[in-house]
file input.tsv (TSV, C-alpha atoms)
chain	number	residue	atom	x	y	z
Z	84	MET	CA	2.07	26.33	3.40
Z	85	ARG	CA	2.88	23.64	0.83
Z	86	ILE	CA	0.93	23.88	-2.39
Z	87	ASN	CA	-0.73	20.47	-1.98
Z	88	LYS	CA	-2.04	21.44	1.49
Z	89	TYR	CA	-3.31	24.71	-0.01
Z	90	PHE	CA	-5.58	22.62	-2.24
Z	91	THR	CA	-6.85	20.34	0.53
Z	92	ASP	CA	-7.60	23.34	2.76
Z	93	ARG	CA	-9.91	24.63	0.04
Z	94	GLY	CA	-11.69	21.34	-0.38
Z	95	LEU	CA	-10.51	20.82	-3.94
Z	96	CYS	CA	-8.83	17.44	-3.63
Z	97	SER	CA	-6.55	15.32	-1.49
Z	98	ARG	CA	-2.82	16.05	-1.24
Z	99	ARG	CA	-2.08	13.08	-3.48
Z	100	GLU	CA	-4.43	14.38	-6.16
Z	101	ALA	CA	-2.91	17.86	-5.84
Z	102	ASP	CA	0.54	16.35	-6.40
Z	103	ARG	CA	-0.72	14.65	-9.55
Z	104	LEU	CA	-2.17	17.95	-10.81
Z	105	ILE	CA	1.17	19.64	-10.14
Z	106	GLU	CA	3.09	16.93	-11.98
Z	107	ALA	CA	0.67	17.30	-14.91
Z	108	GLY	CA	1.51	21.02	-15.10
Z	109	ARG	CA	-2.06	22.12	-14.42
Z	110	ILE	CA	-1.31	24.36	-11.40
Z	111	ARG	CA	0.39	27.76	-11.51
Z	112	ILE	CA	1.48	30.13	-8.75
Z	113	ASN	CA	1.52	33.79	-9.76
Z	114	GLY	CA	1.64	32.66	-13.39
Z	115	VAL	CA	4.56	30.27	-12.89
Z	116	LYS	CA	4.09	26.52	-13.26
Z	117	ALA	CA	4.09	24.92	-9.80
Z	118	VAL	CA	6.46	22.16	-8.77
Z	119	LEU	CA	6.17	19.66	-5.93
Z	120	GLY	CA	6.99	21.25	-2.58
Z	121	ASP	CA	6.30	24.86	-3.59
Z	122	GLN	CA	5.23	27.13	-0.75
Z	123	VAL	CA	2.32	29.57	-1.06
Z	124	THR	CA	0.52	32.18	1.04
Z	125	ASP	CA	-2.98	33.63	0.85
Z	126	ASP	CA	-1.48	36.59	-1.02
Z	127	ASP	CA	-0.37	34.39	-3.93
Z	128	ILE	CA	-2.55	33.86	-6.99
Z	129	VAL	CA	-3.00	30.12	-7.53
Z	130	THR	CA	-4.72	28.81	-10.64
Z	131	LEU	CA	-5.87	25.39	-11.79
Z	132	ASP	CA	-6.24	25.01	-15.55
Z	133	GLY	CA	-6.13	28.79	-15.81
Z	134	LYS	CA	-8.91	29.40	-13.26
Z	135	LYS	CA	-8.18	31.10	-9.94
Z	136	VAL	CA	-8.52	28.83	-6.94
Z	137	MET	CA	-11.28	29.98	-4.60
Z	138	THR	CA	-10.67	31.24	-1.09
Z	139	LYS	CA	-10.91	28.87	1.85
Z	140	GLN	CA	-14.46	27.88	2.84
Z	141	SER	CA	-16.01	26.84	6.13
Z	142	PRO	CA	-15.37	23.15	6.87
Z	143	VAL	CA	-17.96	20.60	5.78
Z	144	TYR	CA	-18.18	17.03	7.13
Z	145	ILE	CA	-20.76	14.70	5.66
Z	146	MET	CA	-21.55	10.98	5.84
Z	147	TYR	CA	-22.79	9.21	2.70
Z	148	ASN	CA	-24.29	5.79	2.09
Z	149	LYS	CA	-22.45	4.90	-1.10
Z	150	PRO	CA	-24.49	2.76	-3.49
Z	151	TYR	CA	-23.15	0.03	-5.75
Z	152	GLY	CA	-21.35	1.31	-8.84
Z	153	ILE	CA	-20.15	4.68	-7.53
Z	154	THR	CA	-16.39	5.30	-7.83
Z	155	CYS	CA	-14.68	6.95	-4.84
Z	156	THR	CA	-12.74	9.64	-6.65
Z	157	ALA	CA	-12.96	13.41	-6.87
Z	158	ASP	CA	-11.92	13.27	-10.54
Z	159	GLN	CA	-14.85	14.82	-12.39
Z	160	ASN	CA	-13.72	13.19	-15.64
Z	161	ILE	CA	-14.59	9.72	-14.33
Z	162	ALA	CA	-18.20	8.69	-14.92
Z	163	GLY	CA	-20.07	7.82	-11.72
Z	164	ASN	CA	-17.60	9.65	-9.46
Z	165	ILE	CA	-18.66	10.13	-5.87
Z	166	VAL	CA	-18.52	13.95	-5.94
Z	167	ALA	CA	-21.00	14.11	-8.83
Z	168	ALA	CA	-23.21	11.54	-7.10
Z	169	VAL	CA	-23.34	13.47	-3.82
Z	170	LYS	CA	-24.04	16.85	-5.50
Z	171	HIS	CA	-23.00	18.80	-2.42
Z	172	PRO	CA	-23.13	22.61	-2.91
Z	173	VAL	CA	-19.57	22.87	-1.53
Z	174	ARG	CA	-16.67	21.13	-3.23
Z	175	VAL	CA	-15.91	18.04	-1.10
Z	176	PHE	CA	-13.81	14.92	-1.61
Z	177	PRO	CA	-13.94	11.43	-0.06
Z	178	ILE	CA	-11.87	10.28	2.90
Z	179	GLY	CA	-10.47	6.93	1.86
Z	180	ARG	CA	-12.54	4.76	-0.40
Z	181	LEU	CA	-14.88	1.85	-0.90
Z	182	ASP	CA	-14.40	-0.06	-4.10
Z	183	LYS	CA	-16.98	0.26	-6.86
Z	184	ALA	CA	-18.79	-2.95	-5.94
Z	185	SER	CA	-18.93	-2.16	-2.20
Z	186	THR	CA	-21.56	-0.06	-0.45
Z	187	GLY	CA	-22.03	1.80	2.78
Z	188	LEU	CA	-20.58	4.52	4.96
Z	189	ILE	CA	-17.95	6.93	3.69
Z	190	PHE	CA	-17.08	10.46	4.80
Z	191	LEU	CA	-16.62	13.44	2.49
Z	192	THR	CA	-15.15	16.78	3.52
Z	193	ASN	CA	-13.31	19.89	2.41
Z	194	ASP	CA	-11.02	19.71	5.47
Z	195	GLY	CA	-7.64	18.34	4.41
Z	196	ASP	CA	-6.34	18.03	7.97
Z	197	ILE	CA	-9.01	15.54	9.06
Z	198	VAL	CA	-8.41	13.53	5.89
Z	199	ASN	CA	-4.77	12.95	6.75
Z	200	LYS	CA	-5.57	12.07	10.37
Z	201	ILE	CA	-8.16	9.45	9.40
Z	202	LEU	CA	-5.99	7.89	6.70
Z	203	ARG	CA	-3.00	7.22	8.95
Z	204	ALA	CA	-3.11	3.43	9.15
Z	205	GLN	CA	-1.19	3.00	12.40
Z	206	TYR	CA	-3.73	5.03	14.34
Z	207	GLY	CA	-5.83	1.82	14.31
Z	208	HIS	CA	-9.19	3.40	13.49
Z	209	GLU	CA	-11.97	0.81	13.56
Z	210	LYS	CA	-14.09	0.25	10.46
Z	211	GLU	CA	-16.96	-2.24	10.61
Z	212	TYR	CA	-18.43	-4.12	7.65
Z	213	GLU	CA	-21.24	-6.58	7.04
Z	214	VAL	CA	-20.29	-9.24	4.49
Z	215	GLU	CA	-22.25	-11.88	2.60
Z	216	VAL	CA	-20.36	-14.77	1.01
Z	217	ASN	CA	-21.35	-17.11	-1.79
Z	218	GLU	CA	-22.14	-20.16	0.34
Z	219	GLU	CA	-22.58	-21.32	3.93
Z	220	TYR	CA	-19.36	-21.16	5.90
Z	221	PRO	CA	-18.09	-23.15	8.92
Z	222	ASP	CA	-16.92	-21.58	12.18
Z	223	ARG	CA	-13.31	-22.37	11.27
Z	224	PHE	CA	-13.60	-19.84	8.43
Z	225	LEU	CA	-14.23	-17.05	10.95
Z	226	ARG	CA	-11.40	-18.28	13.16
Z	227	LYS	CA	-8.99	-18.32	10.21
Z	228	MET	CA	-10.01	-14.82	9.15
Z	229	ALA	CA	-9.68	-13.51	12.71
Z	230	VAL	CA	-6.07	-14.55	13.33
Z	231	GLY	CA	-4.69	-13.04	10.10
Z	232	VAL	CA	-4.62	-14.14	6.47
Z	233	ASN	CA	-1.83	-14.24	3.90
Z	234	ILE	CA	-3.25	-12.23	0.99
Z	235	GLY	CA	-0.20	-12.66	-1.22
Z	236	ASP	CA	1.96	-9.69	-0.35
Z	237	TYR	CA	0.87	-9.15	3.22
Z	238	ILE	CA	-0.40	-10.98	6.30
Z	239	THR	CA	-3.40	-9.15	7.70
Z	240	LYS	CA	-3.60	-8.07	11.32
Z	241	PRO	CA	-5.88	-9.94	13.73
Z	242	CYS	CA	-9.45	-8.68	13.58
Z	243	ALA	CA	-12.86	-9.27	15.18
Z	244	LEU	CA	-15.55	-11.27	13.37
Z	245	THR	CA	-19.11	-12.17	14.37
Z	246	ARG	CA	-21.43	-14.67	12.67
Z	247	LEU	CA	-24.70	-13.06	11.58
Z	248	ASP	CA	-26.18	-16.14	9.87
Z	249	GLU	CA	-25.10	-19.00	7.60
Z	250	LYS	CA	-23.70	-16.74	4.86
Z	251	ASN	CA	-23.27	-13.36	6.60
Z	252	PHE	CA	-20.77	-12.06	9.13
Z	253	SER	CA	-19.52	-8.75	10.48
Z	254	ILE	CA	-15.84	-7.84	10.51
Z	255	ILE	CA	-14.03	-4.99	12.26
Z	256	LEU	CA	-10.74	-3.89	10.71
Z	257	THR	CA	-8.11	-1.52	12.06
Z	258	GLU	CA	-6.23	-1.40	8.75
Z	259	GLY	CA	-7.26	-1.03	5.14
Z	260	LYS	CA	-5.19	-2.70	2.46
Z	261	ASN	CA	-6.54	-2.51	-1.08
Z	262	ARG	CA	-9.61	-4.81	-1.41
Z	263	GLN	CA	-8.56	-6.42	1.85
Z	264	ILE	CA	-11.78	-8.16	2.85
Z	265	ARG	CA	-12.31	-9.60	-0.62
Z	266	ARG	CA	-8.72	-10.87	-0.74
Z	267	MET	CA	-8.97	-12.36	2.77
Z	268	THR	CA	-12.20	-14.13	1.89
Z	269	ASP	CA	-10.77	-15.44	-1.40
Z	270	ALA	CA	-7.72	-16.80	0.44
Z	271	CYS	CA	-10.03	-18.70	2.79
Z	272	GLY	CA	-12.00	-20.33	-0.03
Z	273	PHE	CA	-15.08	-18.13	-0.34
Z	274	LYS	CA	-16.27	-15.23	-2.50
Z	275	VAL	CA	-17.80	-11.96	-1.35
Z	276	LYS	CA	-21.29	-11.38	-2.73
Z	277	ARG	CA	-22.04	-8.21	-0.76
Z	278	LEU	CA	-19.81	-5.90	1.26
Z	279	HIS	CA	-21.40	-3.05	3.20
Z	280	ARG	CA	-19.62	-0.70	5.63
Z	281	VAL	CA	-21.75	0.22	8.64
Z	282	ARG	CA	-19.32	2.12	10.91
Z	283	ILE	CA	-16.20	4.30	10.87
Z	284	MET	CA	-14.79	4.81	14.37
Z	285	ASN	CA	-17.72	6.15	16.46
Z	286	VAL	CA	-19.99	7.05	13.52
Z	287	ARG	CA	-22.61	4.50	12.43
Z	288	ILE	CA	-24.55	4.56	9.17
Z	289	GLY	CA	-27.85	4.07	11.00
Z	290	ASP	CA	-30.94	4.47	8.80
Z	291	LEU	CA	-29.22	6.58	6.13
Z	292	ALA	CA	-30.68	5.37	2.83
Z	293	PRO	CA	-28.50	4.27	-0.10
Z	294	GLY	CA	-27.45	7.29	-2.15
Z	295	GLN	CA	-28.30	9.73	0.65
Z	296	TRP	CA	-25.98	11.95	2.68
Z	297	LYS	CA	-26.23	14.16	5.74
Z	298	ASN	CA	-23.93	16.23	7.91
Z	299	ILE	CA	-22.18	14.18	10.56
Z	300	PRO	CA	-24.18	14.96	13.73
Z	301	PRO	CA	-22.41	17.49	15.99
Z	302	LYS	CA	-22.03	15.08	18.92
Z	303	GLU	CA	-20.49	12.35	16.76
Z	304	LEU	CA	-18.27	14.87	14.95
Z	305	ALA	CA	-16.96	16.29	18.22
Z	306	GLU	CA	-16.13	12.79	19.49
Z	307	LEU	CA	-14.52	11.87	16.16
Z	308	LYS	CA	-12.28	14.95	16.21
Z	309	LYS	CA	-11.36	14.41	19.86
Z	310	ASN	CA	-10.32	10.81	19.19
Z	311	LEU	CA	-8.32	11.84	16.13
Z	312	ASP	CA	-6.50	14.58	18.02
Z	313	GLU	CA	-5.63	12.24	20.89
Z	314	GLN	CA	-4.36	9.53	18.54
Z	315	SER	CA	-2.34	11.93	16.41
Z	316	VAL	CA	-0.45	13.06	19.49
Z	317	ARG	CA	0.37	9.45	20.44
Z	318	THR	CA	1.25	8.17	16.97
Z	319	GLU	CA	3.48	9.37	14.15
Z	320	SER	CA	3.18	7.43	10.88
Z	321	THR	CA	3.41	7.87	7.14
Z	322	ASP	CA	1.65	4.57	6.44
Z	323	ILE	CA	-1.50	5.62	4.63
Z	324	ASP	CA	-4.65	3.53	5.05
Z	325	VAL	CA	-6.32	3.14	1.65
Z	326	GLU	CA	-9.30	1.22	3.06
Z	327	GLU	CA	-11.42	-1.50	1.46
call {"tool": "encode", "arguments": {"input": "input.tsv", "output": "structure tokens"}}
result
Amino acid sequence: MRINKYFTDRGLCSRREADRLIEAGRIRINGVKAVLGDQVTDDDIVTLDGKKVMTKQSPVYIMYNKPYGITCTADQNIAGNIVAAVKHPVRVFPIGRLDKASTGLIFLTNDGDIVNKILRAQYGHEKEYEVEVNEEYPDRFLRKMAVGVNIGDYITKPCALTRLDEKNFSIILTEGKNRQIRRMTDACGFKVKRLHRVRIMNVRIGDLAPGQWKNIPPKELAELKKNLDEQSVRTESTDIDVEE
């Protein structure tokens, strides 16, 4: 298998992060500095910063209610990184991201295959958010957001919005451009005060407290995997969804 997949299979990092480690010269295969695209087997000795990479572990799938201020990266050198915050006994990394100021549901895993399936933008996975803006908004604001917004370098896809009260609404996206909801809201004349993700596909955050995590319940995990497998058969894409 390719060296970057070798790292995701062992729950060390995403393929992108593995590529960055390779380019930085931190990975060796049988004592030889790795290059992008190298192939490895379980018989090879792979090291990161001189330490042997562990054998593959059983898959872990958790859901986490990310608090404000946590950074969605597996880089242990970044203060407030999500891996250090979760403190899971198995090395896991986040699927996608929420920006530092946003809160709510995010998955973490050591299964690189499910990461790539979820991050394929054209699969159209639903992600639901609750948003509070800085002042009362009219109904035309929701209508404008729903049909698509020019956020400078991209026109967003149509999406579903529901008024919750004078300053709060819910929004369901099937794409995830960088800081998309904040940029959409800015373009329509308002500012996001609070952004909280409550659902990814069929998995809802429920009563999970801020800063807490739990294993994705077996029933929800089985449905999630089934939907991902069905969609991956129907769709081929290299357009990665970076999320909010």
call {"tool": "closest_residue", "arguments": {"input": "input.tsv", "among": "Z:Asn217, Z:Ser253, Z:Ser97, Z:Thr239", "to": "Asn193 (chain Z)", "atoms": "all atoms listed in the file"}}
result
Z:Ser97
call {"tool": "atom_distance", "arguments": {"input": "input.tsv", "atom1": "CA of Lys88 (chain Z)", "atom2": "CA of Gln159 (chain Z)"}}
result
20.0 Å
call {"tool": "residues_around", "arguments": {"input": "input.tsv", "residues": "Gly108 (chain Z)", "least_positions_apart": "4", "cutoff": "9 Å", "atoms": "only C-alpha atoms", "output": "PyMOL selection string"}}
result
chain Z and resi 103-104+116-118+132
call {"tool": "atom_distance", "arguments": {"input": "input.tsv", "atom1": "CA of Glu219 (chain Z)", "atom2": "CA of Gly187 (chain Z)"}}
result
23.2 Å
call {"tool": "atom_distance", "arguments": {"input": "input.tsv", "atom1": "CA of Cys96 (chain Z)", "atom2": "CA of Glu213 (chain Z)"}}
result
29.1 Å
call {"tool": "closest_residue", "arguments": {"input": "input.tsv", "among": "Z:Arg226, Z:Lys274, Z:His171, Z:Arg93", "to": "Lys297 (chain Z)", "atoms": "all atoms listed in the file"}}
result
Z:His171
call {"tool": "closest_residue", "arguments": {"input": "input.tsv", "among": "Z:Val123, Z:Met84, Z:Val129, Z:Ile283", "to": "Arg180 (chain Z)", "atoms": "only C-alpha atoms"}}
result
Z:Ile283
call {"tool": "build_atoms", "arguments": {"input": "input.tsv", "residues": "region 84-109 of chain Z", "atoms": "N, CA and C atoms", "output": "CSV table (one decimal), keeping the file's coordinate frame"}}
result
chain,number,residue,atom,x,y,z
Z,84,MET,N,2.4,27.8,3.3
Z,84,MET,CA,2.1,26.3,3.4
Z,84,MET,C,2.4,25.7,2.1
Z,85,ARG,N,2.6,24.3,2.1
Z,85,ARG,CA,2.9,23.6,0.8
Z,85,ARG,C,1.7,23.7,-0.1
Z,86,ILE,N,2.0,23.7,-1.4
Z,86,ILE,CA,0.9,23.9,-2.4
Z,86,ILE,C,-0.1,22.8,-2.3
Z,87,ASN,N,0.3,21.5,-2.0
Z,87,ASN,CA,-0.7,20.5,-2.0
Z,87,ASN,C,-1.7,20.7,-0.8
Z,88,LYS,N,-1.2,21.2,0.3
Z,88,LYS,CA,-2.0,21.4,1.5
Z,88,LYS,C,-3.0,22.6,1.2
Z,89,TYR,N,-2.5,23.6,0.4
Z,89,TYR,CA,-3.3,24.7,0.0
Z,89,TYR,C,-4.6,24.2,-0.7
Z,90,PHE,N,-4.4,23.2,-1.5
Z,90,PHE,CA,-5.6,22.6,-2.2
Z,90,PHE,C,-6.5,21.9,-1.3
Z,91,THR,N,-6.0,21.1,-0.4
Z,91,THR,CA,-6.8,20.3,0.5
Z,91,THR,C,-7.6,21.3,1.5
Z,92,ASP,N,-6.9,22.4,1.9
Z,92,ASP,CA,-7.6,23.3,2.8
Z,92,ASP,C,-8.8,24.0,2.1
Z,93,ARG,N,-8.8,24.0,0.8
Z,93,ARG,CA,-9.9,24.6,0.0
Z,93,ARG,C,-10.9,23.6,-0.5
Z,94,GLY,N,-10.7,22.4,0.0
Z,94,GLY,CA,-11.7,21.3,-0.4
Z,94,GLY,C,-11.7,20.9,-1.8
Z,95,LEU,N,-10.6,21.1,-2.5
Z,95,LEU,CA,-10.5,20.8,-3.9
Z,95,LEU,C,-10.2,19.4,-4.2
Z,96,CYS,N,-9.3,18.8,-3.4
Z,96,CYS,CA,-8.8,17.4,-3.6
Z,96,CYS,C,-7.9,17.0,-2.5
Z,97,SER,N,-7.5,15.8,-2.5
Z,97,SER,CA,-6.6,15.3,-1.5
Z,97,SER,C,-5.2,15.8,-1.9
Z,98,ARG,N,-4.2,15.7,-0.9
Z,98,ARG,CA,-2.8,16.0,-1.2
Z,98,ARG,C,-2.2,15.2,-2.4
Z,99,ARG,N,-2.6,13.9,-2.4
Z,99,ARG,CA,-2.1,13.1,-3.5
Z,99,ARG,C,-2.6,13.6,-4.8
Z,100,GLU,N,-3.9,13.9,-4.9
Z,100,GLU,CA,-4.4,14.4,-6.2
Z,100,GLU,C,-3.8,15.7,-6.5
Z,101,ALA,N,-3.6,16.6,-5.5
Z,101,ALA,CA,-2.9,17.9,-5.8
Z,101,ALA,C,-1.5,17.6,-6.4
Z,102,ASP,N,-0.8,16.7,-5.9
Z,102,ASP,CA,0.5,16.4,-6.4
Z,102,ASP,C,0.5,15.9,-7.9
Z,103,ARG,N,-0.6,15.1,-8.2
Z,103,ARG,CA,-0.7,14.6,-9.6
Z,103,ARG,C,-1.0,15.8,-10.5
Z,104,LEU,N,-1.9,16.8,-10.0
Z,104,LEU,CA,-2.2,18.0,-10.8
Z,104,LEU,C,-0.9,18.8,-11.1
Z,105,ILE,N,-0.1,18.9,-10.0
Z,105,ILE,CA,1.2,19.6,-10.1
Z,105,ILE,C,2.1,19.0,-11.2
Z,106,GLU,N,2.2,17.7,-11.1
Z,106,GLU,CA,3.1,16.9,-12.0
Z,106,GLU,C,2.6,17.0,-13.4
Z,107,ALA,N,1.3,17.2,-13.6
Z,107,ALA,CA,0.7,17.3,-14.9
Z,107,ALA,C,0.8,18.7,-15.5
Z,108,GLY,N,1.3,19.6,-14.6
Z,108,GLY,CA,1.5,21.0,-15.1
Z,108,GLY,C,0.2,21.9,-15.1
Z,109,ARG,N,-0.8,21.4,-14.4
Z,109,ARG,CA,-2.1,22.1,-14.4
Z,109,ARG,C,-2.2,23.2,-13.4
